[in-house]
Amino acid sequence: MNDHPFPTQLIQELRQAGHIAILTGAGISAESGVPTFRDAQTGLWARYSPEELATPQAFRRNPRLVWEWYAWRRELVAKAEPNPGHLALAQLEAYFTARNGRFTLITQNVDGLHQRAGSQNVIELHGNINRTKCFEEEVIVEAWPPTDDVPPACPYCGGYLRPDVVWFGENLPAAALVAASTAAQMCDVFLSIGTSGLVQPAASLPYLALRHGAVVVEINPDETSLTAQATYVFNGPAGQVLPVLWQALTLNS
Ligand code: OAD
């Protein structure tokens, strides 16, 4: 008798997996208080949509507005704490790597909460809001002189500084995309957690896994385009489902 809601077959498949790949989206940070992308923008930013702000054109048009939006989001993220879903994924990674398994965590999120939860091998498909780079040269800039300028100027070329995140219409970091696609094509089990699956190329990753015969698990309170094709679907919040999955996996093992 299972004292957890997971099929015995799935627990066995996870225990026997040589390579686990995970894709997370904004949903896994929702229980940390970080609004998902499709949540309505709140307060000051309610009248803007991410598509209007997260683009190179928006930045060229109004660099101050875009920089201030990211400064607001950076503060929001700094106040957020990793939730039990993030922590469970960090525990799962330690569990699999301790058994010489491969564990690849691919995230669309830019909040850095996986790393703060202790995850080691994180592929950031869309960058990280806590990193800053030069808008002109694309080099990461760790520090710049204090200034009242908004955005601040690159200390190397004088161009504007910007957050090191992927904007709409920009390419994803090539190395991250190759690593993510490879993991999706090599893994034995692929978990898609907290993503609407609306934005490419991340949205294709679970299908790469399905195509080569991997077990695909979806964890999301809502249905998505993946739901009908996933091997297992758990309609619940990641912060509740993942800790129970972790317990089920490590029970008597
Ligand atoms: P979305 O906001 O599109 O989708 C969030 C998903 O998480 C939805 O399917 C929700 O149902 C689900 N969800 C909400 N709360 C949850 C919870 N507690 N546990 C699990 N799931 C929950 O965010 P993403 O799919 O991540 O791209 O969006 C993908 C990309 O679209 C973002 O990375 C961003 C945006 O354009 C860029 O910035 C380039």
# chains A, B, ... in the order shown; residues from 1 in each chain; ligands from 1

$ residues_near_ligand --ligand "ligand 1" --cutoff "9 Å" --atoms "only C-alpha atoms and all ligand atoms" --output "NGL selection string"
:A and (24-32 or 35-39 or 50-51 or 54 or 85 or 107-110 or 125-127 or 165-170 or 172 or 193-200 or 202-203 or 219-224 or 235-241)

$ residues_around --residues "A:Arg15" --least-positions-apart "5" --cutoff "9 Å" --atoms "only C-alpha atoms" --output "ChimeraX atom specification"
/A:10,96,249-250,253

$ closest_residue --among "A:Lys133, A:Thr55, A:Leu92, A:Leu191" --to "A:Phe234" --atoms "only C-alpha atoms"
A:Leu191

$ closest_residue --among "A:Thr231, A:Gln91, A:Ser204, A:Gln185" --to "A:Val216" --atoms "only C-alpha atoms"
A:Thr231

$ closest_atom_pairs --of "stretch 19-82 of chain A" --to "stretch 139-157 of chain A" --cutoff "10 Å" --atoms "only C-alpha atoms" --output "CSV"
residue,atom,partner,partner_atom,distance
A:Phe59,CA,A:Pro151,CA,10.0
A:Asn62,CA,A:Pro151,CA,9.9
A:Pro63,CA,A:Pro151,CA,6.5
A:Arg64,CA,A:Val150,CA,5.4
A:Leu65,CA,A:Val150,CA,8.8
A:Val66,CA,A:Pro151,CA,8.7
A:Trp67,CA,A:Pro151,CA,5.9
A:Glu68,CA,A:Val150,CA,7.9

$ atom_distance --atom1 "atom CA of A:Ala214" --atom2 "atom CA of A:Pro201"
18.7 Å
